[in-house]
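Note: the block below is data-v4.pdb and it holds PDB, C-alpha atoms, pLDDT in the B column.
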ATOM      1  CA  VAL K  11      38.869  63.077  80.343  1.00 43.00           C
ATOM      2  CA  GLY K  12      42.144  62.833  78.457  1.00 43.00           C
ATOM      3  CA  GLU K  13      42.141  59.064  78.749  1.00 42.00           C
ATOM      4  CA  GLY K  14      38.534  58.957  77.491  1.00 43.00           C
ATOM      5  CA  VAL K  15      39.426  61.068  74.482  1.00 36.00           C
ATOM      6  CA  ALA K  16      42.436  58.891  73.755  1.00 40.00           C
ATOM      7  CA  ASP K  17      40.323  55.759  73.977  1.00 43.00           C
ATOM      8  CA  SER K  18      37.730  57.296  71.641  1.00 42.00           C
ATOM      9  CA  ILE K  19      40.409  58.267  69.148  1.00 40.00           C
ATOM     10  CA  GLY K  20      41.858  54.767  69.317  1.00 42.00           C
ATOM     11  CA  ALA K  21      38.451  53.205  68.773  1.00 44.00           C
ATOM     12  CA  LEU K  22      37.787  55.504  65.806  1.00 40.00           C
ATOM     13  CA  GLY K  23      41.173  54.596  64.342  1.00 43.00           C
ATOM     14  CA  THR K  24      40.444  50.883  64.740  1.00 50.00           C
ATOM     15  CA  LEU K  25      37.012  51.333  63.163  1.00 43.00           C
ATOM     16  CA  SER K  26      38.521  53.287  60.278  1.00 47.00           C
ATOM     17  CA  LEU K  27      41.093  50.550  59.611  1.00 46.00           C
ATOM     18  CA  HIS K  28      38.370  47.921  59.788  1.00 48.00           C
ATOM     19  CA  LEU K  29      36.188  49.818  57.316  1.00 45.00           C
ATOM     20  CA  ARG K  30      39.136  50.318  54.940  1.00 52.00           C
ATOM     21  CA  SER K  31      39.938  46.604  55.152  1.00 54.00           C
ATOM     22  CA  ARG K  32      36.319  45.720  54.429  1.00 58.00           C
ATOM     23  CA  ALA K  33      36.283  48.138  51.490  1.00 50.00           C
ATOM     24  CA  ARG K  34      39.451  46.584  50.045  1.00 55.00           C
ATOM     25  CA  GLU K  35      38.022  43.091  50.465  1.00 54.00           C
ATOM     26  CA  GLU K  36      34.763  44.065  48.762  1.00 54.00           C
ATOM     27  CA  THR K  37      36.655  45.749  45.929  1.00 52.00           C
ATOM     28  CA  SER K  38      38.837  42.686  45.432  1.00 50.00           C
ATOM     29  CA  LEU K  39      35.767  40.441  45.564  1.00 49.00           C
ATOM     30  CA  ASN K  40      33.942  42.551  42.997  1.00 52.00           C
ATOM     31  CA  MET K  41      36.984  42.533  40.711  1.00 48.00           C
ATOM     32  CA  ALA K  42      37.286  38.741  41.066  1.00 48.00           C
ATOM     33  CA  LYS K  43      33.595  38.307  40.262  1.00 52.00           C
ATOM     34  CA  SER K  44      33.993  40.544  37.235  1.00 50.00           C
ATOM     35  CA  ILE K  45      37.020  38.637  35.993  1.00 51.00           C
ATOM     36  CA  MET K  46      35.439  35.245  36.722  1.00 57.00           C
ATOM     37  CA  SER K  47      32.203  36.124  34.913  1.00 69.00           C
ATOM     38  CA  ASP K  48      31.318  34.358  31.679  1.00 71.00           C
ATOM     39  CA  GLU K  49      32.153  37.444  29.641  1.00 77.00           C
ATOM     40  CA  GLY K  50      35.475  37.899  31.450  1.00 78.00           C
ATOM     41  CA  ALA K  51      36.460  34.265  30.886  1.00 80.00           C
ATOM     42  CA  ASP K  52      35.486  34.423  27.204  1.00 83.00           C
ATOM     43  CA  ALA K  53      37.458  37.613  26.687  1.00 86.00           C
ATOM     44  CA  PHE K  54      40.521  36.215  28.500  1.00 87.00           C
ATOM     45  CA  ILE K  55      40.570  32.996  26.448  1.00 87.00           C
ATOM     46  CA  PHE K  56      39.964  34.700  23.100  1.00 88.00           C
ATOM     47  CA  ILE K  57      42.412  37.568  23.627  1.00 91.00           C
ATOM     48  CA  THR K  58      45.239  35.363  24.917  1.00 91.00           C
ATOM     49  CA  ALA K  59      44.766  32.944  22.020  1.00 91.00           C
ATOM     50  CA  ILE K  60      44.956  35.778  19.477  1.00 93.00           C
ATOM     51  CA  ILE K  61      48.027  37.194  21.237  1.00 93.00           C
ATOM     52  CA  GLY K  62      49.698  33.775  21.012  1.00 92.00           C
ATOM     53  CA  VAL K  63      49.105  33.520  17.266  1.00 92.00           C
ATOM     54  CA  ILE K  64      50.254  37.106  16.652  1.00 94.00           C
ATOM     55  CA  PHE K  65      53.392  36.568  18.744  1.00 94.00           C
ATOM     56  CA  ALA K  66      54.178  33.395  16.767  1.00 93.00           C
ATOM     57  CA  TRP K  67      53.897  35.397  13.526  1.00 94.00           C
ATOM     58  CA  PHE K  68      56.129  38.095  15.002  1.00 94.00           C
ATOM     59  CA  GLN K  69      58.809  35.518  15.893  1.00 92.00           C
ATOM     60  CA  TYR K  70      58.625  34.085  12.389  1.00 92.00           C
ATOM     61  CA  LYS K  71      59.174  37.514  10.851  1.00 92.00           C
ATOM     62  CA  LEU K  72      62.259  37.991  13.029  1.00 90.00           C
ATOM     63  CA  VAL K  73      63.690  34.704  11.740  1.00 90.00           C
ATOM     64  CA  ALA K  74      62.790  35.635   8.159  1.00 88.00           C
ATOM     65  CA  LYS K  75      64.888  38.800   8.433  1.00 87.00           C
ATOM     66  CA  VAL K  76      67.978  36.613   8.169  1.00 85.00           C
ATOM     67  CA  SER K  77      68.660  36.438   4.435  1.00 80.00           C
ATOM     68  CA  LEU K  78      70.463  33.583   2.709  1.00 78.00           C
ATOM     69  CA  THR K  79      71.507  35.569  -0.349  1.00 74.00           C
ATOM     70  CA  GLY K  80      72.100  39.138   0.750  1.00 60.00           C
ATOM     71  CA  GLY K  81      71.814  41.711   3.501  1.00 53.00           C
ATOM     72  CA  SER K  82      73.735  42.362   6.667  1.00 50.00           C
ATOM     73  CA  ASN K  83      73.259  38.917   8.213  1.00 48.00           C
ATOM     74  CA  THR K  84      74.783  36.653   5.578  1.00 47.00           C
ATOM     75  CA  LEU K  85      77.891  34.561   5.133  1.00 47.00           C
ATOM     76  CA  SER K  86      78.539  36.201   1.779  1.00 45.00           C
ATOM     77  CA  ASN K  87      79.376  39.480   3.532  1.00 48.00           C
ATOM     78  CA  SER K  88      82.156  37.640   5.352  1.00 53.00           C
ATOM     79  CA  GLY K  89      83.665  36.574   2.061  1.00 53.00           C
ATOM     80  CA  LEU K  90      82.126  33.083   2.165  1.00 60.00           C
ATOM     81  CA  ASP K  91      80.050  31.509  -0.579  1.00 67.00           C
ATOM     82  CA  THR K  92      76.493  30.551   0.429  1.00 73.00           C
ATOM     83  CA  SER K  93      75.620  28.744  -2.790  1.00 80.00           C
ATOM     84  CA  LYS K  94      76.371  25.283  -1.378  1.00 85.00           C
ATOM     85  CA  LEU K  95      74.441  26.109   1.791  1.00 84.00           C
ATOM     86  CA  ILE K  96      71.402  27.087  -0.291  1.00 86.00           C
ATOM     87  CA  VAL K  97      71.626  23.853  -2.327  1.00 89.00           C
ATOM     88  CA  ILE K  98      71.659  21.779   0.872  1.00 88.00           C
ATOM     89  CA  TYR K  99      68.825  23.854   2.315  1.00 88.00           C
ATOM     90  CA  ASP K 100      66.670  23.343  -0.803  1.00 89.00           C
ATOM     91  CA  ALA K 101      67.309  19.580  -0.704  1.00 90.00           C
ATOM     92  CA  ILE K 102      66.344  19.355   2.967  1.00 87.00           C
ATOM     93  CA  ARG K 103      63.225  21.430   2.344  1.00 89.00           C
ATOM     94  CA  ASP K 104      62.131  19.207  -0.556  1.00 90.00           C
ATOM     95  CA  GLY K 105      62.717  16.106   1.547  1.00 86.00           C
ATOM     96  CA  ALA K 106      60.774  17.548   4.471  1.00 85.00           C
ATOM     97  CA  ASP K 107      57.849  18.456   2.209  1.00 88.00           C
ATOM     98  CA  SER K 108      57.771  14.931   0.782  1.00 88.00           C
ATOM     99  CA  PHE K 109      57.909  13.444   4.272  1.00 86.00           C
ATOM    100  CA  LEU K 110      55.065  15.643   5.518  1.00 87.00           C
ATOM    101  CA  ARG K 111      52.961  14.754   2.495  1.00 89.00           C
ATOM    102  CA  ALA K 112      53.435  11.036   3.084  1.00 88.00           C
ATOM    103  CA  GLU K 113      53.002  11.212   6.868  1.00 88.00           C
ATOM    104  CA  TYR K 114      49.887  13.353   6.861  1.00 90.00           C
ATOM    105  CA  THR K 115      48.280  11.178   4.194  1.00 91.00           C
ATOM    106  CA  ILE K 116      48.598   8.268   6.616  1.00 90.00           C
ATOM    107  CA  CYS K 117      47.372  10.502   9.453  1.00 91.00           C
ATOM    108  CA  ALA K 118      44.282  11.411   7.420  1.00 93.00           C
ATOM    109  CA  TYR K 119      43.445   7.711   7.013  1.00 94.00           C
ATOM    110  CA  PHE K 120      44.033   7.197  10.733  1.00 93.00           C
ATOM    111  CA  ILE K 121      41.751  10.084  11.702  1.00 94.00           C
ATOM    112  CA  ALA K 122      38.970   8.758   9.459  1.00 94.00           C
ATOM    113  CA  ALA K 123      39.253   5.151  10.689  1.00 94.00           C
ATOM    114  CA  PHE K 124      39.768   5.904  14.363  1.00 93.00           C
ATOM    115  CA  GLY K 125      37.106   8.612  14.241  1.00 93.00           C
ATOM    116  CA  ILE K 126      34.551   5.939  13.337  1.00 93.00           C
ATOM    117  CA  ILE K 127      35.743   3.834  16.293  1.00 93.00           C
ATOM    118  CA  VAL K 128      35.432   6.826  18.622  1.00 91.00           C
ATOM    119  CA  LEU K 129      31.941   7.499  17.264  1.00 91.00           C
ATOM    120  CA  LEU K 130      30.757   3.957  17.930  1.00 90.00           C
ATOM    121  CA  MET K 131      32.392   3.497  21.326  1.00 89.00           C
ATOM    122  CA  THR K 132      31.368   6.848  22.800  1.00 87.00           C
ATOM    123  CA  SER K 133      27.811   6.556  21.503  1.00 85.00           C
ATOM    124  CA  TYR K 134      27.126   3.631  23.852  1.00 78.00           C
ATOM    125  CA  VAL K 135      26.362   5.425  27.116  1.00 75.00           C
ATOM    126  CA  GLU K 136      24.416   4.027  30.093  1.00 73.00           C
ATOM    127  CA  LYS K 137      23.569   0.843  28.172  1.00 75.00           C
ATOM    128  CA  GLU K 138      21.973   2.859  25.377  1.00 77.00           C
ATOM    129  CA  PHE K 139      23.152   4.325  22.102  1.00 80.00           C
ATOM    130  CA  HIS K 140      23.280   8.127  22.021  1.00 80.00           C
ATOM    131  CA  ILE K 141      24.536   8.979  18.560  1.00 85.00           C
ATOM    132  CA  ASP K 142      24.535  12.695  19.372  1.00 85.00           C
ATOM    133  CA  GLN K 143      27.115  12.292  22.142  1.00 87.00           C
ATOM    134  CA  GLY K 144      29.258   9.965  20.055  1.00 87.00           C
ATOM    135  CA  GLY K 145      28.988  12.238  17.030  1.00 90.00           C
ATOM    136  CA  LEU K 146      30.115  15.313  18.935  1.00 91.00           C
ATOM    137  CA  THR K 147      33.022  13.375  20.478  1.00 91.00           C
ATOM    138  CA  ALA K 148      34.072  12.185  17.019  1.00 93.00           C
ATOM    139  CA  ILE K 149      33.886  15.745  15.676  1.00 93.00           C
ATOM    140  CA  SER K 150      36.018  16.898  18.588  1.00 93.00           C
ATOM    141  CA  PHE K 151      38.516  14.097  17.850  1.00 94.00           C
ATOM    142  CA  VAL K 152      38.787  15.115  14.193  1.00 95.00           C
ATOM    143  CA  ALA K 153      39.209  18.772  15.145  1.00 94.00           C
ATOM    144  CA  GLY K 154      42.018  17.872  17.541  1.00 93.00           C
ATOM    145  CA  GLY K 155      43.765  15.824  14.884  1.00 93.00           C
ATOM    146  CA  ILE K 156      43.515  18.597  12.286  1.00 93.00           C
ATOM    147  CA  THR K 157      44.807  21.168  14.788  1.00 92.00           C
ATOM    148  CA  SER K 158      47.778  18.919  15.547  1.00 91.00           C
ATOM    149  CA  ILE K 159      48.467  18.448  11.825  1.00 91.00           C
ATOM    150  CA  ILE K 160      48.423  22.206  11.201  1.00 91.00           C
ATOM    151  CA  SER K 161      50.719  22.817  14.167  1.00 88.00           C
ATOM    152  CA  GLY K 162      53.113  20.074  13.061  1.00 86.00           C
ATOM    153  CA  LEU K 163      53.166  21.471   9.531  1.00 89.00           C
ATOM    154  CA  ILE K 164      54.013  24.929  10.877  1.00 89.00           C
ATOM    155  CA  GLY K 165      56.683  23.467  13.138  1.00 86.00           C
ATOM    156  CA  MET K 166      58.419  21.467  10.408  1.00 86.00           C
ATOM    157  CA  LYS K 167      58.254  24.303   7.880  1.00 89.00           C
ATOM    158  CA  VAL K 168      59.698  26.833  10.313  1.00 90.00           C
ATOM    159  CA  ALA K 169      62.345  24.405  11.592  1.00 88.00           C
ATOM    160  CA  VAL K 170      63.671  23.772   8.082  1.00 88.00           C
ATOM    161  CA  PHE K 171      63.340  27.465   7.270  1.00 89.00           C
ATOM    162  CA  ALA K 172      65.431  28.381  10.334  1.00 89.00           C
ATOM    163  CA  ASN K 173      68.158  25.725   9.968  1.00 87.00           C
ATOM    164  CA  ALA K 174      70.127  27.509   7.260  1.00 86.00           C
ATOM    165  CA  ARG K 175      69.510  30.890   8.878  1.00 88.00           C
ATOM    166  CA  THR K 176      70.873  29.645  12.187  1.00 89.00           C
ATOM    167  CA  THR K 177      74.002  28.575  10.306  1.00 87.00           C
ATOM    168  CA  ILE K 178      74.220  32.052   8.808  1.00 85.00           C
ATOM    169  CA  MET K 179      74.056  33.671  12.248  1.00 85.00           C
ATOM    170  CA  ALA K 180      76.592  31.187  13.652  1.00 84.00           C
ATOM    171  CA  ALA K 181      79.155  32.529  11.173  1.00 81.00           C
ATOM    172  CA  GLY K 182      78.560  36.137  12.183  1.00 77.00           C
ATOM    173  CA  PRO K 183      80.397  38.415  14.628  1.00 81.00           C
ATOM    174  CA  ASN K 184      78.299  37.284  17.642  1.00 85.00           C
ATOM    175  CA  PRO K 185      77.729  33.598  16.834  1.00 83.00           C
ATOM    176  CA  TRP K 186      76.554  32.144  20.153  1.00 88.00           C
ATOM    177  CA  THR K 187      73.900  34.739  20.918  1.00 88.00           C
ATOM    178  CA  ASP K 188      72.651  35.282  17.373  1.00 88.00           C
ATOM    179  CA  ALA K 189      72.482  31.591  16.466  1.00 89.00           C
ATOM    180  CA  PHE K 190      70.717  30.724  19.740  1.00 92.00           C
ATOM    181  CA  ASN K 191      68.192  33.528  19.328  1.00 91.00           C
ATOM    182  CA  THR K 192      67.391  32.464  15.770  1.00 90.00           C
ATOM    183  CA  ALA K 193      66.874  28.828  16.747  1.00 91.00           C
ATOM    184  CA  PHE K 194      64.891  29.734  19.876  1.00 92.00           C
ATOM    185  CA  ARG K 195      62.602  32.089  17.959  1.00 92.00           C
ATOM    186  CA  ALA K 196      61.960  29.408  15.354  1.00 91.00           C
ATOM    187  CA  GLY K 197      60.995  26.935  18.072  1.00 90.00           C
ATOM    188  CA  SER K 198      58.675  29.438  19.726  1.00 91.00           C
ATOM    189  CA  VAL K 199      56.714  29.810  16.480  1.00 92.00           C
ATOM    190  CA  MET K 200      55.258  26.310  16.781  1.00 87.00           C
ATOM    191  CA  GLY K 201      54.845  26.566  20.552  1.00 89.00           C
ATOM    192  CA  PHE K 202      52.827  29.754  20.541  1.00 92.00           C
ATOM    193  CA  SER K 203      50.881  28.933  17.367  1.00 91.00           C
ATOM    194  CA  LEU K 204      49.932  25.524  18.805  1.00 89.00           C
ATOM    195  CA  CYS K 205      48.716  27.033  22.089  1.00 90.00           C
ATOM    196  CA  GLY K 206      46.865  29.857  20.356  1.00 91.00           C
ATOM    197  CA  LEU K 207      45.182  27.661  17.750  1.00 91.00           C
ATOM    198  CA  SER K 208      44.201  24.954  20.236  1.00 90.00           C
ATOM    199  CA  MET K 209      42.682  27.501  22.609  1.00 90.00           C
ATOM    200  CA  LEU K 210      40.665  29.071  19.801  1.00 92.00           C
ATOM    201  CA  VAL K 211      39.416  25.757  18.422  1.00 92.00           C
ATOM    202  CA  LEU K 212      38.562  24.375  21.863  1.00 90.00           C
ATOM    203  CA  TYR K 213      36.804  27.631  22.741  1.00 90.00           C
ATOM    204  CA  VAL K 214      34.654  27.413  19.607  1.00 91.00           C
ATOM    205  CA  LEU K 215      33.898  23.715  20.169  1.00 91.00           C
ATOM    206  CA  ALA K 216      32.860  24.315  23.768  1.00 88.00           C
ATOM    207  CA  HIS K 217      30.402  27.019  22.745  1.00 87.00           C
ATOM    208  CA  LEU K 218      29.004  24.981  19.846  1.00 89.00           C
ATOM    209  CA  PHE K 219      28.565  21.861  21.979  1.00 88.00           C
ATOM    210  CA  ALA K 220      26.930  23.917  24.730  1.00 86.00           C
ATOM    211  CA  VAL K 221      24.117  24.659  22.283  1.00 86.00           C
ATOM    212  CA  HIS K 222      23.294  20.940  22.270  1.00 83.00           C
ATOM    213  CA  PHE K 223      23.920  20.314  25.980  1.00 81.00           C
ATOM    214  CA  LYS K 224      21.721  23.213  27.049  1.00 79.00           C
ATOM    215  CA  ASP K 225      21.571  22.365  30.772  1.00 70.00           C
ATOM    216  CA  TRP K 226      25.313  21.922  31.297  1.00 64.00           C
ATOM    217  CA  ASP K 227      25.472  24.802  33.792  1.00 65.00           C
ATOM    218  CA  VAL K 228      22.353  23.852  35.802  1.00 65.00           C
ATOM    219  CA  ILE K 229      22.920  22.842  39.443  1.00 68.00           C
ATOM    220  CA  ASP K 230      20.296  20.783  41.284  1.00 64.00           C
ATOM    221  CA  ASP K 231      19.086  21.302  44.859  1.00 61.00           C
ATOM    222  CA  HIS K 232      21.846  19.064  46.220  1.00 61.00           C
ATOM    223  CA  GLY K 233      24.602  21.071  44.535  1.00 58.00           C
ATOM    224  CA  HIS K 234      25.257  18.444  41.849  1.00 62.00           C
ATOM    225  CA  ALA K 235      25.881  19.364  38.239  1.00 62.00           C
ATOM    226  CA  ASN K 236      23.506  18.317  35.500  1.00 69.00           C
ATOM    227  CA  LYS K 237      24.412  15.285  33.393  1.00 77.00           C
ATOM    228  CA  ASP K 238      24.798  17.597  30.406  1.00 75.00           C
ATOM    229  CA  ALA K 239      27.925  19.004  32.055  1.00 79.00           C
ATOM    230  CA  LEU K 240      29.484  15.521  32.169  1.00 80.00           C
ATOM    231  CA  HIS K 241      28.470  14.779  28.593  1.00 81.00           C
ATOM    232  CA  LEU K 242      29.885  18.123  27.427  1.00 84.00           C
ATOM    233  CA  MET K 243      33.247  17.483  29.069  1.00 86.00           C
ATOM    234  CA  GLU K 244      33.382  13.943  27.682  1.00 86.00           C
ATOM    235  CA  ALA K 245      32.683  15.228  24.174  1.00 88.00           C
ATOM    236  CA  LEU K 246      35.420  17.859  24.497  1.00 89.00           C
ATOM    237  CA  ALA K 247      37.857  15.190  25.730  1.00 90.00           C
ATOM    238  CA  GLY K 248      37.918  13.850  22.185  1.00 91.00           C
ATOM    239  CA  TYR K 249      39.830  16.967  21.171  1.00 92.00           C
ATOM    240  CA  GLY K 250      42.772  16.027  23.352  1.00 90.00           C
ATOM    241  CA  LEU K 251      42.674  12.441  22.097  1.00 91.00           C
ATOM    242  CA  GLY K 252      42.843  13.566  18.481  1.00 91.00           C
ATOM    243  CA  GLY K 253      45.652  16.035  19.094  1.00 90.00           C
ATOM    244  CA  SER K 254      47.714  13.565  21.137  1.00 89.00           C
ATOM    245  CA  SER K 255      47.297  10.790  18.547  1.00 89.00           C
ATOM    246  CA  ILE K 256      48.644  12.891  15.685  1.00 89.00           C
ATOM    247  CA  ALA K 257      51.381  14.297  17.933  1.00 86.00           C
ATOM    248  CA  LEU K 258      52.509  10.701  18.504  1.00 85.00           C
ATOM    249  CA  PHE K 259      52.792  10.218  14.752  1.00 82.00           C
ATOM    250  CA  GLY K 260      54.790  13.429  14.502  1.00 78.00           C
ATOM    251  CA  ARG K 261      57.155  12.483  17.315  1.00 77.00           C
ATOM    252  CA  VAL K 262      57.888   8.970  16.057  1.00 76.00           C
ATOM    253  CA  GLY K 263      57.818   9.752  12.339  1.00 71.00           C
ATOM    254  CA  GLY K 264      59.777  12.976  12.715  1.00 67.00           C
ATOM    255  CA  GLY K 265      62.436  11.230  14.761  1.00 68.00           C
ATOM    256  CA  ILE K 266      62.813   8.487  12.149  1.00 69.00           C
ATOM    257  CA  TYR K 267      63.008  11.089   9.356  1.00 63.00           C
ATOM    258  CA  THR K 268      65.643  13.260  11.004  1.00 61.00           C
ATOM    259  CA  LYS K 269      67.796  10.249  11.912  1.00 58.00           C
ATOM    260  CA  ALA K 270      67.455   8.698   8.470  1.00 56.00           C
TER     261      ALA K 270
END
In structure tokens, how does this file's structure come out?
Amino acid sequence: VGEGVADSIGALGTLSLHLRSRAREETSLNMAKSIMSDEGADAFIFITAIIGVIFAWFQYKLVAKVSLTGGSNTLSNSGLDTSKLIVIYDAIRDGADSFLRAEYTICAYFIAAFGIIVLLMTSYVEKEFHIDQGGLTAISFVAGGITSIISGLIGMKVAVFANARTTIMAAGPNPWTDAFNTAFRAGSVMGFSLCGLSMLVLYVLAHLFAVHFKDWDVIDDHGHANKDALHLMEALAGYGLGGSSIALFGRVGGGIYTKA
């Protein structure tokens, strides 16, 4: 009898563990389904993009706390004159503004000309012209280029803004840490603003284009996606092309400017 009771208790324990395991698996599955739902994905993309932009602004404000003319983080408090530093800073800022104006004027011409090429080449699909697909791809290309221009403008402005302030911190009581933190925060402004802006713009484009490609999420009986899904992804690919093209201008032109 004792052995039978022990076996029954053991079986009940095994069954209890099995039921708990099943419950945990179902809970995890339900949570995954909730997170992977359309609403969950939309919320994740939108919230993380906004957080990225806000964090970039926060980093900029930390850099802006370093004053060139007064306050606790200045060379003048150490008995050094910052007037020459400010003159050099103003000259570099004026030069950077002139460079950006000239570069982005050329980039605007490039976006307009290459956008027409993208429109024509992507409109010819399956031996037929589909101006709607080419038009959406061209719009996506232009949006990517404009996003890259805005990000590059933010990056250059903040970089010049932080140069003199990094020098200020390098002359302080804790030069290595303070100067590194100032420079690193300035660099993170462009990084996080670029990621946040690109996610927001791509999110909006995807939803707008989905209005045209209405059957993009339809699966046929063989498990194959509708052609609208392919056309939607191809139209959105223009966004990356536009952003990468302008980034190439920024990399080459910025390198020439800083070395000149």
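Using all atoms listed in the file, the contacts of segment 110-115 of chain K at a cut-off of 8 Å, with sequence neighbours closer than 2 positions omitted, comprise Ala106, Asp107, Ser108, Cys117, Ala118, Tyr119, Ile159, Leu163, Phe259 and Gly263 of chain K.
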Which one of K:Phe56, K:Phe68, K:Ile96, K:Thr147 sits closest to Phe202 of chain K if you count all atoms listed in the file?
K:Phe68
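Our summary of the geometry notes that atom CA of Ser158 of chain K is positioned 5.0 Å from atom CA of Gly253 of chain K.
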Size and centre in Å, one decimal, axis-aligned box, all listed segment 138-144 of chain K atoms plus 6 Å per side, as lines of an AutoDock Vina configuration file:
center_x = 25.6
center_y = 7.8
center_z = 22.0
size_x = 19.3
size_y = 21.8
size_z = 18.8
Selection result for the PyMOL selection byres ((chain K and resi 175) around 8) on this file, as a tab-separated table (two decimals) with C-alpha atoms, keeping the file's coordinate frame:
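Saved as selection.tsv:
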chain	number	residue	atom	x	y	z
K	73	VAL	CA	63.69	34.70	11.74
K	76	VAL	CA	67.98	36.61	8.17
K	77	SER	CA	68.66	36.44	4.43
K	78	LEU	CA	70.46	33.58	2.71
K	171	PHE	CA	63.34	27.46	7.27
K	172	ALA	CA	65.43	28.38	10.33
K	173	ASN	CA	68.16	25.72	9.97
K	174	ALA	CA	70.13	27.51	7.26
K	176	THR	CA	70.87	29.64	12.19
K	177	THR	CA	74.00	28.58	10.31
K	178	ILE	CA	74.22	32.05	8.81
K	179	MET	CA	74.06	33.67	12.25
K	192	THR	CA	67.39	32.46	15.77
